[in-house]
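Here is target_1.cif, consisting of mmCIF, C-alpha atoms:
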data_query
loop_
_atom_site.group_PDB
_atom_site.id
_atom_site.type_symbol
_atom_site.label_atom_id
_atom_site.label_comp_id
_atom_site.auth_asym_id
_atom_site.auth_seq_id
_atom_site.Cartn_x
_atom_site.Cartn_y
_atom_site.Cartn_z
ATOM 1 C CA MET A 1 133.030 93.835 94.077
ATOM 2 C CA SER A 2 133.832 97.195 95.662
ATOM 3 C CA LEU A 3 131.485 99.101 97.971
ATOM 4 C CA GLY A 4 130.545 101.375 95.083
ATOM 5 C CA GLY A 5 129.773 98.337 92.952
ATOM 6 C CA HIS A 6 127.531 96.930 95.687
ATOM 7 C CA LEU A 7 125.655 100.237 95.928
ATOM 8 C CA VAL A 8 125.161 100.334 92.163
ATOM 9 C CA GLU A 9 123.890 96.747 92.226
ATOM 10 C CA LEU A 10 121.562 97.569 95.144
ATOM 11 C CA ARG A 11 120.151 100.560 93.276
ATOM 12 C CA LYS A 12 119.556 98.404 90.215
ATOM 13 C CA ARG A 13 117.737 95.709 92.225
ATOM 14 C CA LEU A 14 115.620 98.269 94.092
ATOM 15 C CA TYR A 15 114.696 99.958 90.832
ATOM 16 C CA LEU A 16 113.617 96.667 89.252
ATOM 17 C CA ALA A 17 111.653 95.707 92.375
ATOM 18 C CA ALA A 18 109.882 99.071 92.357
ATOM 19 C CA VAL A 19 109.021 98.673 88.666
ATOM 20 C CA PHE A 20 107.413 95.267 89.310
ATOM 21 C CA ILE A 21 105.487 96.566 92.336
ATOM 22 C CA VAL A 22 104.183 99.590 90.403
ATOM 23 C CA ALA A 23 103.191 97.343 87.485
ATOM 24 C CA GLY A 24 101.367 95.070 89.933
ATOM 25 C CA ALA A 25 99.685 98.098 91.519
ATOM 26 C CA VAL A 26 98.390 99.183 88.096
ATOM 27 C CA VAL A 27 96.814 95.755 87.703
ATOM 28 C CA GLY A 28 95.494 96.033 91.258
ATOM 29 C CA TRP A 29 93.892 99.404 90.452
ATOM 30 C CA PHE A 30 91.784 97.820 87.696
ATOM 31 C CA LEU A 31 90.918 94.918 90.005
ATOM 32 C CA SER A 32 90.075 97.141 92.971
ATOM 33 C CA ASP A 33 86.360 97.493 92.094
ATOM 34 C CA TYR A 34 86.006 93.723 91.859
ATOM 35 C CA ILE A 35 87.878 93.263 95.162
ATOM 36 C CA LEU A 36 85.668 95.901 96.816
ATOM 37 C CA ASP A 37 82.610 93.974 95.657
ATOM 38 C CA GLN A 38 84.049 90.826 97.233
ATOM 39 C CA LEU A 39 84.837 92.703 100.449
ATOM 40 C CA ARG A 40 81.331 94.119 100.531
ATOM 41 C CA GLU A 41 79.657 90.718 100.112
ATOM 42 C CA PRO A 42 80.079 89.539 103.751
ATOM 43 C CA VAL A 43 78.715 92.894 104.965
ATOM 44 C CA PHE A 44 75.718 92.442 102.674
ATOM 45 C CA MET A 45 75.184 88.937 104.097
ATOM 46 C CA VAL A 46 75.229 90.409 107.612
ATOM 47 C CA GLY A 47 72.349 92.685 106.649
ATOM 48 C CA VAL A 48 70.372 89.819 105.096
ATOM 49 C CA ASP A 49 71.015 87.125 107.719
ATOM 50 C CA GLN A 50 70.708 89.367 110.767
ATOM 51 C CA SER A 51 67.952 91.658 109.399
ATOM 52 C CA ARG A 52 69.813 94.838 110.230
ATOM 53 C CA VAL A 53 71.389 97.790 108.429
ATOM 54 C CA ALA A 54 74.953 96.806 107.488
ATOM 55 C CA THR A 55 77.137 99.052 105.344
ATOM 56 C CA LEU A 56 80.708 100.190 104.765
ATOM 57 C CA ASN A 57 81.310 103.797 105.769
ATOM 58 C CA TYR A 58 83.833 106.277 104.332
ATOM 59 C CA ASP A 59 84.639 108.770 107.063
ATOM 60 C CA SER A 60 86.479 111.326 104.936
ATOM 61 C CA ILE A 61 86.239 113.001 101.520
ATOM 62 C CA THR A 62 89.228 111.075 100.168
ATOM 63 C CA GLY A 63 88.340 107.838 101.987
ATOM 64 C CA ALA A 64 87.095 106.005 98.868
ATOM 65 C CA PHE A 65 90.142 107.015 96.812
ATOM 66 C CA ASP A 66 92.554 106.134 99.642
ATOM 67 C CA LEU A 67 90.960 102.700 100.036
ATOM 68 C CA LYS A 68 91.120 102.015 96.311
ATOM 69 C CA LEU A 69 94.784 103.055 96.253
ATOM 70 C CA GLN A 70 95.545 100.868 99.296
ATOM 71 C CA ILE A 71 93.885 97.880 97.622
ATOM 72 C CA ALA A 72 95.877 98.506 94.442
ATOM 73 C CA LEU A 73 99.190 98.662 96.322
ATOM 74 C CA THR A 74 98.358 95.550 98.334
ATOM 75 C CA VAL A 75 97.460 93.583 95.214
ATOM 76 C CA GLY A 76 100.608 94.895 93.543
ATOM 77 C CA LEU A 77 102.804 93.699 96.405
ATOM 78 C CA ILE A 78 101.210 90.253 96.440
ATOM 79 C CA ILE A 79 101.141 89.493 92.710
ATOM 80 C CA SER A 80 104.627 90.920 92.146
ATOM 81 C CA SER A 81 106.132 89.120 95.167
ATOM 82 C CA PRO A 82 107.950 86.469 93.061
ATOM 83 C CA PHE A 83 109.697 89.215 91.089
ATOM 84 C CA TRP A 84 110.809 91.528 93.911
ATOM 85 C CA LEU A 85 111.774 88.588 96.138
ATOM 86 C CA TYR A 86 113.936 87.333 93.283
ATOM 87 C CA GLN A 87 115.666 90.720 93.173
ATOM 88 C CA ILE A 88 116.508 90.362 96.875
ATOM 89 C CA TRP A 89 117.866 86.855 96.293
ATOM 90 C CA ALA A 90 119.833 87.987 93.215
ATOM 91 C CA PHE A 91 121.481 90.789 95.219
ATOM 92 C CA PHE A 92 122.751 88.435 97.938
ATOM 93 C CA MET A 93 123.561 85.494 95.626
ATOM 94 C CA PRO A 94 127.117 86.626 94.659
ATOM 95 C CA GLY A 95 128.112 86.532 98.355
ATOM 96 C CA LEU A 96 126.817 83.001 98.927
ATOM 97 C CA THR A 97 128.569 79.685 98.432
ATOM 98 C CA LYS A 98 127.226 77.229 95.860
ATOM 99 C CA LYS A 99 125.584 75.168 98.610
ATOM 100 C CA GLU A 100 124.006 78.218 100.247
ATOM 101 C CA SER A 101 122.731 79.453 96.880
ATOM 102 C CA LYS A 102 121.057 76.093 96.252
ATOM 103 C CA TYR A 103 119.315 76.175 99.638
ATOM 104 C CA THR A 104 118.107 79.752 99.306
ATOM 105 C CA LEU A 105 116.873 79.116 95.749
ATOM 106 C CA GLY A 106 114.885 76.111 96.976
ATOM 107 C CA PHE A 107 113.492 78.270 99.760
ATOM 108 C CA PHE A 108 112.486 80.924 97.222
ATOM 109 C CA PHE A 109 110.629 78.525 94.904
ATOM 110 C CA SER A 110 108.790 76.813 97.773
ATOM 111 C CA ALA A 111 107.982 79.889 99.867
ATOM 112 C CA ILE A 112 106.194 81.812 97.107
ATOM 113 C CA PRO A 113 103.441 79.254 96.323
ATOM 114 C CA LEU A 114 102.959 78.532 100.026
ATOM 115 C CA PHE A 115 102.585 82.239 100.788
ATOM 116 C CA ILE A 116 100.012 82.634 98.021
ATOM 117 C CA ALA A 117 98.177 79.501 99.227
ATOM 118 C CA GLY A 118 98.107 80.911 102.765
ATOM 119 C CA CYS A 119 96.735 84.230 101.518
ATOM 120 C CA ALA A 120 94.048 82.311 99.612
ATOM 121 C CA ALA A 121 93.133 80.389 102.777
ATOM 122 C CA GLY A 122 92.852 83.622 104.771
ATOM 123 C CA TRP A 123 90.708 85.150 102.027
ATOM 124 C CA TYR A 124 88.446 82.094 102.110
ATOM 125 C CA VAL A 125 87.762 82.134 105.856
ATOM 126 C CA TYR A 126 87.432 85.876 106.474
ATOM 127 C CA PRO A 127 83.720 86.124 105.419
ATOM 128 C CA HIS A 128 82.797 83.560 108.095
ATOM 129 C CA ILE A 129 84.681 85.618 110.674
ATOM 130 C CA VAL A 130 82.923 88.849 109.660
ATOM 131 C CA VAL A 131 79.472 87.282 109.844
ATOM 132 C CA LEU A 132 80.202 85.646 113.188
ATOM 133 C CA MET A 133 81.747 88.655 114.935
ATOM 134 C CA THR A 134 79.044 91.097 113.835
ATOM 135 C CA SER A 135 76.362 88.684 115.082
ATOM 136 C CA PHE A 136 77.196 89.649 118.679
ATOM 137 C CA ALA A 137 75.740 93.128 118.168
ATOM 138 C CA PRO A 138 72.151 93.607 119.430
ATOM 139 C CA SER A 139 69.516 93.211 116.727
ATOM 140 C CA GLU A 140 68.266 96.776 117.345
ATOM 141 C CA ASP A 141 71.617 98.284 116.312
ATOM 142 C CA ALA A 142 73.052 98.904 112.847
ATOM 143 C CA THR A 143 76.406 97.552 111.697
ATOM 144 C CA ILE A 144 78.288 100.458 110.121
ATOM 145 C CA LEU A 145 81.908 99.518 109.468
ATOM 146 C CA THR A 146 84.662 101.971 108.594
ATOM 147 C CA ALA A 147 85.854 100.945 105.146
ATOM 148 C CA LYS A 148 89.544 101.465 105.933
ATOM 149 C CA GLY A 149 89.376 99.628 109.263
ATOM 150 C CA TYR A 150 87.458 96.794 107.637
ATOM 151 C CA PHE A 151 90.025 96.424 104.863
ATOM 152 C CA ASP A 152 92.902 96.593 107.374
ATOM 153 C CA PHE A 153 91.308 93.717 109.299
ATOM 154 C CA VAL A 154 90.981 91.574 106.164
ATOM 155 C CA LEU A 155 94.485 92.475 104.990
ATOM 156 C CA LYS A 156 96.109 91.574 108.307
ATOM 157 C CA LEU A 157 94.275 88.260 108.444
ATOM 158 C CA VAL A 158 95.249 87.335 104.872
ATOM 159 C CA ILE A 159 98.914 88.334 105.284
ATOM 160 C CA VAL A 160 99.313 86.664 108.686
ATOM 161 C CA VAL A 161 97.918 83.376 107.401
ATOM 162 C CA GLY A 162 100.140 83.626 104.310
ATOM 163 C CA ILE A 163 103.237 84.034 106.505
ATOM 164 C CA ALA A 164 102.118 81.155 108.731
ATOM 165 C CA PHE A 165 102.021 78.835 105.715
ATOM 166 C CA VAL A 166 105.654 79.707 104.927
ATOM 167 C CA LEU A 167 106.982 78.834 108.407
ATOM 168 C CA PRO A 168 107.441 75.071 107.646
ATOM 169 C CA VAL A 169 109.858 76.067 104.883
ATOM 170 C CA PHE A 170 112.099 77.579 107.554
ATOM 171 C CA LEU A 171 112.184 74.203 109.316
ATOM 172 C CA VAL A 172 113.444 72.560 106.114
ATOM 173 C CA LEU A 173 115.938 75.368 105.551
ATOM 174 C CA PHE A 174 117.311 75.060 109.104
ATOM 175 C CA ASN A 175 117.547 71.283 108.674
ATOM 176 C CA PHE A 176 119.502 71.583 105.422
ATOM 177 C CA ALA A 177 121.776 74.110 107.107
ATOM 178 C CA GLY A 178 122.461 71.617 109.917
ATOM 179 C CA ILE A 179 120.835 73.715 112.644
ATOM 180 C CA ILE A 180 118.001 71.313 113.507
ATOM 181 C CA SER A 181 117.509 67.581 112.911
ATOM 182 C CA ALA A 182 114.437 65.740 111.677
ATOM 183 C CA LYS A 183 114.367 63.855 114.956
ATOM 184 C CA SER A 184 113.972 67.116 116.867
ATOM 185 C CA ILE A 185 111.188 68.251 114.535
ATOM 186 C CA LEU A 186 109.271 64.995 114.941
ATOM 187 C CA LYS A 187 109.873 64.940 118.683
ATOM 188 C CA SER A 188 108.271 68.390 119.017
ATOM 189 C CA TRP A 189 105.112 67.586 117.045
ATOM 190 C CA ARG A 190 102.823 67.903 120.082
ATOM 191 C CA ILE A 191 104.139 71.372 120.865
ATOM 192 C CA ALA A 192 103.840 72.336 117.188
ATOM 193 C CA VAL A 193 100.217 71.188 116.981
ATOM 194 C CA LEU A 194 99.415 73.090 120.176
ATOM 195 C CA LEU A 195 101.044 76.276 118.848
ATOM 196 C CA ILE A 196 99.194 75.914 115.540
ATOM 197 C CA ALA A 197 95.916 75.504 117.404
ATOM 198 C CA LEU A 198 96.657 78.612 119.483
ATOM 199 C CA PHE A 199 97.620 80.602 116.400
ATOM 200 C CA THR A 200 94.464 79.654 114.486
ATOM 201 C CA ALA A 201 92.348 80.354 117.579
ATOM 202 C CA ILE A 202 93.838 83.869 117.743
ATOM 203 C CA ALA A 203 93.611 84.463 113.982
ATOM 204 C CA THR A 204 89.964 83.349 113.927
ATOM 205 C CA PRO A 205 87.183 83.881 116.478
ATOM 206 C CA ALA A 206 87.133 81.217 119.153
ATOM 207 C CA ALA A 207 83.486 80.427 118.404
ATOM 208 C CA ASP A 208 84.155 79.806 114.699
ATOM 209 C CA ILE A 209 85.426 76.229 114.950
ATOM 210 C CA LEU A 210 85.044 75.571 111.217
ATOM 211 C CA SER A 211 87.365 78.433 110.205
ATOM 212 C CA MET A 212 89.856 77.369 112.862
ATOM 213 C CA PHE A 213 90.032 73.834 111.466
ATOM 214 C CA LEU A 214 90.192 75.107 107.878
ATOM 215 C CA LEU A 215 93.401 76.924 108.828
ATOM 216 C CA ALA A 216 94.856 74.425 111.298
ATOM 217 C CA ILE A 217 94.604 71.245 109.178
ATOM 218 C CA PRO A 218 96.767 72.438 106.229
ATOM 219 C CA MET A 219 99.287 73.981 108.656
ATOM 220 C CA VAL A 220 99.642 70.684 110.534
ATOM 221 C CA LEU A 221 100.017 68.800 107.238
ATOM 222 C CA LEU A 222 102.707 71.251 106.116
ATOM 223 C CA TYR A 223 104.547 70.741 109.416
ATOM 224 C CA PHE A 224 104.672 66.973 108.947
ATOM 225 C CA MET A 225 105.637 67.390 105.283
ATOM 226 C CA ALA A 226 108.568 69.538 106.438
ATOM 227 C CA ALA A 227 109.484 66.840 108.974
ATOM 228 C CA GLY A 228 109.350 64.185 106.223
ATOM 229 C CA ILE A 229 111.640 66.183 103.928
ATOM 230 C CA ALA A 230 114.052 66.760 106.811
ATOM 231 C CA TRP A 231 114.001 63.024 107.637
ATOM 232 C CA LEU A 232 114.846 62.083 104.030
ATOM 233 C CA HIS A 233 117.667 64.640 104.051
ATOM 234 C CA ASP A 234 119.114 63.341 107.335
ATOM 235 C CA ARG A 235 118.879 59.754 106.078
ATOM 236 C CA ARG A 236 120.743 60.643 102.890
ATOM 237 C CA LEU A 237 123.471 62.382 104.898
ATOM 238 C CA ALA A 238 123.760 59.376 107.219
ATOM 239 C CA LYS A 239 124.221 57.011 104.263
ATOM 240 C CA LYS A 240 126.829 59.300 102.728
ATOM 241 C CA ARG A 241 128.670 59.510 106.069
ATOM 242 C CA ALA A 242 128.618 55.709 106.437
ATOM 243 C CA ILE A 243 130.073 55.250 102.937
ATOM 244 C CA MET A 244 132.836 57.760 103.672
ATOM 245 C CA GLU A 245 133.723 56.010 106.937
ATOM 246 C CA THR A 246 133.821 52.636 105.139
ATOM 247 C CA ASP A 247 136.050 53.903 102.346
ATOM 248 C CA LEU A 248 138.390 55.910 104.595
ATOM 249 C CA PRO A 249 140.645 52.999 105.804
ATOM 250 C CA SER A 250 141.302 51.868 102.225
ATOM 251 C CA GLN A 251 142.508 55.355 101.303
ATOM 252 C CA LEU A 252 145.005 55.671 104.197
ATOM 253 C CA PRO A 253 148.747 54.874 103.862
ATOM 254 C CA PRO A 254 149.851 51.466 105.317
ATOM 255 C CA THR A 255 151.255 52.987 108.529
ATOM 256 C CA GLU A 256 148.075 54.953 109.158
ATOM 257 C CA LYS A 257 145.965 51.863 108.456
ATOM 258 C CA LEU A 258 147.776 49.983 111.257
ATOM 259 C CA SER A 259 147.237 52.841 113.711
ATOM 260 C CA ALA A 260 143.597 53.078 112.629
#

Go through the file and emit its structure as structure tokens.
Amino acid sequence: MSLGGHLVELRKRLYLAAVFIVAGAVVGWFLSDYILDQLREPVFMVGVDQSRVATLNYDSITGAFDLKLQIALTVGLIISSPFWLYQIWAFFMPGLTKKESKYTLGFFFSAIPLFIAGCAAGWYVYPHIVVLMTSFAPSEDATILTAKGYFDFVLKLVIVVGIAFVLPVFLVLFNFAGIISAKSILKSWRIAVLLIALFTAIATPAADILSMFLLAIPMVLLYFMAAGIAWLHDRRLAKKRAIMETDLPSQLPPTEKLSA
């Protein structure tokens, strides 16, 4: 394909990706009121549990509209992620070998559900974090949160946890590409568990042990699942290599057999 052909293909893929994102954003717009109610629930619990004034605050005339639009775009990006990620994969696929295409396709189909599962986990733990962190304010003070800053906090937490759930897929991908062995993955399990613990401690308040474990346990399980898949792959390659080495002398000419 010529450079012009690549540019035409890129424009086509970008156009399709944009269409899916906009369609997802339309769905997100109709869901935004429901999502706002869910976002408001932890703030309401702060007011009830801590007996204080707790509200979301819009600090500009267009603040409510901007927040609703931001929620719609965020929902659109998340729910349309399988479609626009496929467009990225489809653009690069013609330049990949058959083996590389198989690996990247496997990565695509495993990364999407893990990302969504990670986002769901982040969404599940964020109310505990909100209640805990606001509890440090003196009882005489009100808790008035900027709506945009509050949503940015929740969004970052959800996205970061979603990305963290996808990281074990990279281990499998690197193993299939021959960059890292299963033995190296298993040998580094202590370091991995420590890094996961540090990550969950940063992503959640240090005092909220329950939320930390709710995030850390599935991440550790995913790490060992990735190590198990890599071990099965390395074992299969070792068997195939042993068969090839066994069959090689029988395929050599007589003179080469003697030298072998």

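Residue selection for this entry, given the PyMOL selection byres ((chain A and resi 85) around 12), comprises Arg13, Leu14, Leu16, Ala17, Ala18, Phe20, Ile21, Leu77, Ile78, Ile79, Ser80, Ser81, Pro82, Phe83, Trp84, Tyr86, Gln87, Ile88, Trp89, Ala90, Phe91, Phe92, Thr104, Leu105, Phe107, Phe108, Phe109, Ala111 and Ile112 of chain A.
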
Could you work out how far CA of Leu39 in chain A lies from CA of Tyr126 in chain A, giving the answer in Å with one decimal? 9.5 Å

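Nearest to Met212 in chain A of all the residues A:Ala238, A:Ala226, A:Ala197, A:Val48 is A:Ala197, based on all atoms listed in the file.
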
Give me, as CSV, each residue of range 143-182 of chain A that comes within 10 Å of range 62-65 of chain A, together with its shortest interatomic pair and the distance in Å at one decimal, counting all atoms listed in the file, with rows ordered by chain and rising residue number.
residue,atom,partner,partner_atom,distance
A:Thr146,CA,A:Gly63,CA,9.6
A:Ala147,CA,A:Gly63,CA,8.0
A:Lys148,CA,A:Gly63,CA,7.6

I'd like the neighbourhood of Val53 in chain A as an NGL selection string, where a residue qualifies if any of its atoms comes within 12 Å (using only C-alpha atoms), though same-chain residues fewer than 5 positions away should be ignored. :A and (43-48 or 134 or 137-145)

One-decimal distance in Å that lies between CA of Tyr150 in chain A and CA of Ala54 in chain A: 12.5 Å

What's around range 153-170 of chain A at 6 Å? Count only C-alpha atoms, leave out sequence neighbours fewer than 5 positions away in its own chain, and write the answer as a PyMOL selection string. chain A and resi 111+114-115+118-119+122-123+223+226

Could you work out an axis-aligned bounding box for all listed atoms of range 118-133 of chain A, with 5 Å added on each of the six sides, and give its centre and edge lengths in Å to one decimal, as JSON?
{"center_x": 88.8, "center_y": 84.6, "center_z": 107.3, "size_x": 28.6, "size_y": 18.5, "size_z": 25.3}
